[in-house]
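Here the structure comes first, spelled out in structure tokens, and everything after it is commentary.
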Amino acid sequence: MLRGSGCVYKKCRFCDYYHDSSKNGSENFNLNREVLSNVTGEYGELEVINSGSVFELDSNTLMLIKNVCREKNISVIHFESHYLYKNRIAALRTFFSDFRLKMKLGLETFDYDLRENILKKGINEKSPKVISEDFDEANFLFGITGQTADSMEKDIQLGLTYFERICLNIMCRNTSSVIPDNDVKTVFLKEIYPLYKENTQIDILINNTDFGVGD
Ligand code: SF4
């Protein structure tokens, strides 16, 4: 987990982790250099997260990611980005042209009304095809009031159709105004989780620290 200049959007109603940032690029780079020194290359892939979008990392950090991946024989790099940066993804792929980039979108759901009117995600587009065209992977958020087994199933099926890989995040209580819906979480755990827990195209984070980062 690296540190960037901070999410430029900051309007997602369920989010409180964009505080993990600093406007001081050289301090960010020093911290990120220390973190990147732990990369072993064991799996041949690197997943970079930074409480926002890859485009909020400083240029020295991006260069270091490139160098570390070369040194450690890493061929695949995963980055996260908000939809608002989609026009910059082609240039990022060019900058990392020696690697296969997997761009992950924070989508949360294909349900436009829930996503835009309640979660305020800031993706003013309804077509799954258009939404997914610059991205390879997507995050979904489950455990929100109004979601049902059918709606979560629909999100998963569309997610598997339009992305190579999806990550299902179960809403955890944080300092935002969105309260996790325990009934929806129970429906997910009973009816959805058993169907997909072994699916290799799907990561499931029951707790938001299940990737071993954050607190
Ligand atoms: S979820 Fe991502 S894009 Fe939305 S406010 Fe949080 S850091 Fe920013």
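Going by the structure tokens order, chains are called A, B, ..., each with residues numbered from 1, while ligands are numbered from 1 in the order shown.
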Can you list, as a compact mmCIF listing (two decimals) with N, CA and C atoms, in the first residue's frame, every residue of stretch 170-209 of chain A that DSSP puts in alpha helix (DSSP H)?
```txt
# COMPACT_ATOMS: atom_id res chain seq x y z
N ASN A 182 -26.92 -5.32 7.90
CA ASN A 182 -26.60 -6.69 8.33
C ASN A 182 -27.49 -7.72 7.68
N ASP A 183 -28.74 -7.36 7.34
CA ASP A 183 -29.61 -8.32 6.65
C ASP A 183 -29.07 -8.62 5.26
N VAL A 184 -28.61 -7.58 4.57
CA VAL A 184 -28.05 -7.80 3.22
C VAL A 184 -26.76 -8.62 3.32
N LYS A 185 -25.96 -8.34 4.35
CA LYS A 185 -24.73 -9.12 4.54
C LYS A 185 -25.06 -10.59 4.78
N THR A 186 -26.11 -10.84 5.56
CA THR A 186 -26.50 -12.22 5.83
C THR A 186 -26.94 -12.92 4.55
N VAL A 187 -27.71 -12.19 3.74
CA VAL A 187 -28.14 -12.76 2.45
C VAL A 187 -26.91 -13.09 1.60
N TYR A 193 -22.15 -16.06 -1.30
CA TYR A 193 -20.77 -16.46 -0.99
C TYR A 193 -20.50 -17.94 -1.31
N PRO A 194 -21.39 -18.87 -0.92
CA PRO A 194 -21.08 -20.29 -1.21
C PRO A 194 -20.96 -20.57 -2.71
N LEU A 195 -21.65 -19.78 -3.54
CA LEU A 195 -21.62 -20.01 -4.99
C LEU A 195 -20.30 -19.57 -5.62
N TYR A 196 -19.66 -18.59 -5.01
CA TYR A 196 -18.51 -17.96 -5.68
C TYR A 196 -17.20 -18.03 -4.90
```
Chain A near ligand 1 within 10 Å: what's each residue's closest atom pair and its distance in Å to one decimal, counting only C-alpha atoms and all ligand atoms, ordered by chain then ascending residue number, as a Markdown table?
```
| residue | atom | partner | partner_atom_place_in_ligand_line | distance |
| --- | --- | --- | --- | --- |
| A:Gly6 | CA | ligand 1 | 7 (S) | 7.6 |
| A:Cys7 | CA | ligand 1 | 8 (Fe) | 4.6 |
| A:Val8 | CA | ligand 1 | 8 (Fe) | 6.7 |
| A:Tyr9 | CA | ligand 1 | 8 (Fe) | 5.1 |
| A:Lys10 | CA | ligand 1 | 5 (S) | 3.4 |
| A:Lys11 | CA | ligand 1 | 5 (S) | 4.9 |
| A:Cys12 | CA | ligand 1 | 4 (Fe) | 4.3 |
| A:Arg13 | CA | ligand 1 | 5 (S) | 7.3 |
| A:Phe14 | CA | ligand 1 | 1 (S) | 7.2 |
| A:Cys15 | CA | ligand 1 | 6 (Fe) | 4.6 |
| A:Asp16 | CA | ligand 1 | 6 (Fe) | 6.4 |
| A:Tyr17 | CA | ligand 1 | 6 (Fe) | 6.1 |
| A:Tyr18 | CA | ligand 1 | 7 (S) | 4.7 |
| A:His19 | CA | ligand 1 | 7 (S) | 8.5 |
| A:Asp20 | CA | ligand 1 | 7 (S) | 9.0 |
| A:Ser21 | CA | ligand 1 | 7 (S) | 10.0 |
| A:Asn50 | CA | ligand 1 | 7 (S) | 8.4 |
| A:Ser51 | CA | ligand 1 | 7 (S) | 5.1 |
| A:Gly52 | CA | ligand 1 | 7 (S) | 4.0 |
| A:Ser53 | CA | ligand 1 | 2 (Fe) | 7.1 |
| A:Glu80 | CA | ligand 1 | 2 (Fe) | 8.9 |
| A:Ser81 | CA | ligand 1 | 3 (S) | 7.6 |
| A:His82 | CA | ligand 1 | 3 (S) | 5.4 |
| A:Tyr83 | CA | ligand 1 | 3 (S) | 8.4 |
| A:Leu84 | CA | ligand 1 | 3 (S) | 9.0 |
| A:Leu105 | CA | ligand 1 | 3 (S) | 9.4 |
| A:Gly106 | CA | ligand 1 | 2 (Fe) | 6.7 |
| A:Leu107 | CA | ligand 1 | 1 (S) | 9.1 |
| A:Glu108 | CA | ligand 1 | 1 (S) | 9.0 |
| A:Leu119 | CA | ligand 1 | 4 (Fe) | 9.2 |
| A:Lys120 | CA | ligand 1 | 4 (Fe) | 8.4 |
| A:Lys121 | CA | ligand 1 | 4 (Fe) | 6.3 |
| A:Gly122 | CA | ligand 1 | 4 (Fe) | 8.2 |
| A:Asn139 | CA | ligand 1 | 1 (S) | 9.9 |
```
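Proximity ranking of A:Leu189, A:Leu205, A:Ile156, A:Leu36 relative to A:Cys172 places A:Leu205 first, based on only C-alpha atoms.
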Checklist entry - Could you state the separation of atom CA of A:Lys154 and atom CA of A:Val178 in Å, given to one decimal place? => result 22.0 Å
Next on the checklist: Given only C-alpha atoms as the basis, pick out the residue of A:Glu137, A:Glu198, A:Asp58, A:Glu34 nearest to A:Ile77.
Outcome noted: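 Using only C-alpha atoms, the shortest distance to A:Ile77 belongs to A:Glu137.
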Checklist outcome for this item: Expressed in Å, the length from atom CA of A:Lys102 to atom CA of A:Leu160 is 14.9 Å
Checklist entry - Pick the closest to A:Lys66 from A:Val54, A:Lys86, A:Phe95, A:Glu42: which is it, counting only C-alpha atoms? => result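 Distance minimum relative to A:Lys66 lands on A:Phe95.
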Checklist entry - What does the distance between atom CA of A:Leu31 and atom CA of A:Asn87 come to in Å, to one decimal place? => result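 It comes out at 28.2 Å.
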Item to check | Distance query A:Ser75 at most 7 Å, only C-alpha atoms, self and fewer than 5 positions along chain excluded, as number ranges by chain | outcome: A: 44-45, 99-100
Next on the checklist: Between A:Asn30, A:Tyr112, A:Leu141, A:Phe163, which residue has the minimum interatomic distance to A:Lys129, considering only C-alpha atoms?
Outcome noted: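 Ranked by minimum distance to A:Lys129, first place goes to A:Phe163.
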Checklist entry - Using only C-alpha atoms, which residue out of A:Ile118, A:Ala91, A:Ile131, A:Ala149 lies closest to A:Lys190? => result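 Nearest to A:Lys190: A:Ala149.
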Item to check | Polymer residues at most 9 Å from stretch 23-27 of chain A, only C-alpha atoms, same-chain spacing of 6 or more positions, as number ranges by chain | outcome: A: 4-6, 57-60
Checklist outcome for this item: For A:Val35, the closest of A:Ile123, A:Met1, A:Ile49, A:Val68 counting only C-alpha atoms is A:Met1
Item to check | Test item: residues at most 9 Å from A:Tyr43, only C-alpha atoms, excluding those fewer than 3 positions along its chain, as a ChimeraX atom specification | outcome: /A:40,46,74
For the selection you just gave me, I'd like the residues written to a file as a PDB file, in the first residue's frame, keeping C-alpha atoms.
```
ATOM      1  CA  THR A  40       9.992  -9.890  -3.626  1.00  0.00           C
ATOM      2  CA  LEU A  46       2.374  -6.559  -8.130  1.00  0.00           C
ATOM      3  CA  ILE A  74       7.345  -8.895 -12.347  1.00  0.00           C
TER       4      ILE A  74
END
```
Quick one: DSSP strand (DSSP E or B) residues in stretch 71-215 of chain A, as an mmCIF file with N, CA and C atoms, in the first residue's frame?
```cif
data_model
loop_
_atom_site.group_PDB
_atom_site.id
_atom_site.type_symbol
_atom_site.label_atom_id
_atom_site.label_comp_id
_atom_site.auth_asym_id
_atom_site.auth_seq_id
_atom_site.Cartn_x
_atom_site.Cartn_y
_atom_site.Cartn_z
ATOM 1 N N VAL A 76 3.228 -8.417 -14.451
ATOM 2 C CA VAL A 76 1.851 -7.905 -14.384
ATOM 3 C C VAL A 76 1.732 -6.934 -13.208
ATOM 4 N N ILE A 77 1.215 -5.739 -13.482
ATOM 5 C CA ILE A 77 1.029 -4.745 -12.417
ATOM 6 C C ILE A 77 -0.442 -4.334 -12.369
ATOM 7 N N HIS A 78 -1.021 -4.402 -11.183
ATOM 8 C CA HIS A 78 -2.416 -3.994 -10.983
ATOM 9 C C HIS A 78 -2.429 -2.606 -10.346
ATOM 10 N N PHE A 79 -3.212 -1.705 -10.944
ATOM 11 C CA PHE A 79 -3.387 -0.358 -10.383
ATOM 12 C C PHE A 79 -4.880 -0.083 -10.235
ATOM 13 N N GLU A 80 -5.224 0.808 -9.308
ATOM 14 C CA GLU A 80 -6.625 1.214 -9.151
ATOM 15 C C GLU A 80 -6.820 2.623 -9.699
ATOM 16 N N SER A 81 -8.017 2.888 -10.189
ATOM 17 C CA SER A 81 -8.306 4.251 -10.643
ATOM 18 C C SER A 81 -9.802 4.541 -10.599
ATOM 19 N N ARG A 100 2.296 -5.934 -18.385
ATOM 20 C CA ARG A 100 0.848 -5.997 -18.620
ATOM 21 C C ARG A 100 0.175 -5.282 -17.460
ATOM 22 N N LEU A 101 -0.525 -4.196 -17.767
ATOM 23 C CA LEU A 101 -1.223 -3.450 -16.716
ATOM 24 C C LEU A 101 -2.633 -3.973 -16.565
ATOM 25 N N LYS A 102 -3.053 -4.139 -15.333
ATOM 26 C CA LYS A 102 -4.435 -4.511 -15.037
ATOM 27 C C LYS A 102 -5.036 -3.341 -14.261
ATOM 28 N N MET A 103 -5.899 -2.596 -14.935
ATOM 29 C CA MET A 103 -6.493 -1.406 -14.315
ATOM 30 C C MET A 103 -7.792 -1.797 -13.613
ATOM 31 N N LYS A 104 -7.863 -1.464 -12.329
ATOM 32 C CA LYS A 104 -9.044 -1.830 -11.529
ATOM 33 C C LYS A 104 -9.892 -0.596 -11.263
ATOM 34 N N LEU A 105 -11.162 -0.709 -11.594
ATOM 35 C CA LEU A 105 -12.108 0.392 -11.415
ATOM 36 C C LEU A 105 -12.889 0.218 -10.115
ATOM 37 N N GLY A 106 -13.018 1.287 -9.348
ATOM 38 C CA GLY A 106 -13.933 1.259 -8.213
ATOM 39 C C GLY A 106 -15.334 1.511 -8.754
ATOM 40 N N LEU A 107 -16.046 0.438 -9.052
ATOM 41 C CA LEU A 107 -17.369 0.579 -9.675
ATOM 42 C C LEU A 107 -18.476 0.491 -8.625
ATOM 43 N N GLU A 108 -18.350 -0.429 -7.721
ATOM 44 C CA GLU A 108 -19.260 -0.713 -6.597
ATOM 45 C C GLU A 108 -20.520 -1.446 -7.035
ATOM 46 N N GLU A 137 -10.425 -4.862 -14.419
ATOM 47 C CA GLU A 137 -10.910 -5.431 -13.160
ATOM 48 C C GLU A 137 -11.820 -4.402 -12.485
ATOM 49 N N ALA A 138 -12.621 -4.856 -11.526
ATOM 50 C CA ALA A 138 -13.497 -3.890 -10.842
ATOM 51 C C ALA A 138 -13.778 -4.316 -9.410
ATOM 52 N N ASN A 139 -13.954 -3.307 -8.573
ATOM 53 C CA ASN A 139 -14.388 -3.508 -7.189
ATOM 54 C C ASN A 139 -15.894 -3.339 -7.096
ATOM 55 N N PHE A 140 -16.531 -4.215 -6.324
ATOM 56 C CA PHE A 140 -17.964 -4.089 -6.048
ATOM 57 C C PHE A 140 -18.150 -3.956 -4.538
ATOM 58 N N LEU A 141 -19.233 -3.284 -4.152
ATOM 59 C CA LEU A 141 -19.527 -3.085 -2.732
ATOM 60 C C LEU A 141 -20.886 -3.694 -2.410
ATOM 61 N N PHE A 142 -20.873 -4.675 -1.520
ATOM 62 C CA PHE A 142 -22.107 -5.348 -1.122
ATOM 63 C C PHE A 142 -22.351 -5.132 0.374
ATOM 64 N N ARG A 165 -11.624 -9.868 -13.984
ATOM 65 C CA ARG A 165 -11.543 -10.229 -12.573
ATOM 66 C C ARG A 165 -12.345 -9.216 -11.765
ATOM 67 N N ILE A 166 -12.992 -9.657 -10.700
ATOM 68 C CA ILE A 166 -13.737 -8.714 -9.860
ATOM 69 C C ILE A 166 -13.420 -8.975 -8.385
ATOM 70 N N CYS A 167 -13.593 -7.926 -7.596
ATOM 71 C CA CYS A 167 -13.380 -8.045 -6.152
ATOM 72 C C CYS A 167 -14.671 -7.609 -5.455
ATOM 73 N N LEU A 168 -15.206 -8.480 -4.616
ATOM 74 C CA LEU A 168 -16.438 -8.168 -3.882
ATOM 75 C C LEU A 168 -16.058 -7.727 -2.476
ATOM 76 N N ASN A 169 -16.342 -6.484 -2.160
ATOM 77 C CA ASN A 169 -16.033 -5.934 -0.830
ATOM 78 C C ASN A 169 -17.319 -5.847 -0.027
ATOM 79 N N ILE A 170 -17.304 -6.398 1.154
ATOM 80 C CA ILE A 170 -18.492 -6.303 2.010
ATOM 81 C C ILE A 170 -18.349 -5.050 2.867
ATOM 82 N N ILE A 202 -12.703 -14.250 -8.878
ATOM 83 C CA ILE A 202 -13.336 -13.373 -7.876
ATOM 84 C C ILE A 202 -12.550 -13.376 -6.570
ATOM 85 N N ASP A 203 -12.239 -12.166 -6.080
ATOM 86 C CA ASP A 203 -11.716 -12.022 -4.720
ATOM 87 C C ASP A 203 -12.877 -11.553 -3.853
ATOM 88 N N ILE A 204 -12.954 -12.074 -2.636
ATOM 89 C CA ILE A 204 -14.037 -11.660 -1.730
ATOM 90 C C ILE A 204 -13.411 -11.163 -0.433
ATOM 91 N N LEU A 205 -13.689 -9.905 -0.093
ATOM 92 C CA LEU A 205 -13.181 -9.331 1.155
ATOM 93 C C LEU A 205 -14.340 -9.151 2.120
#
```
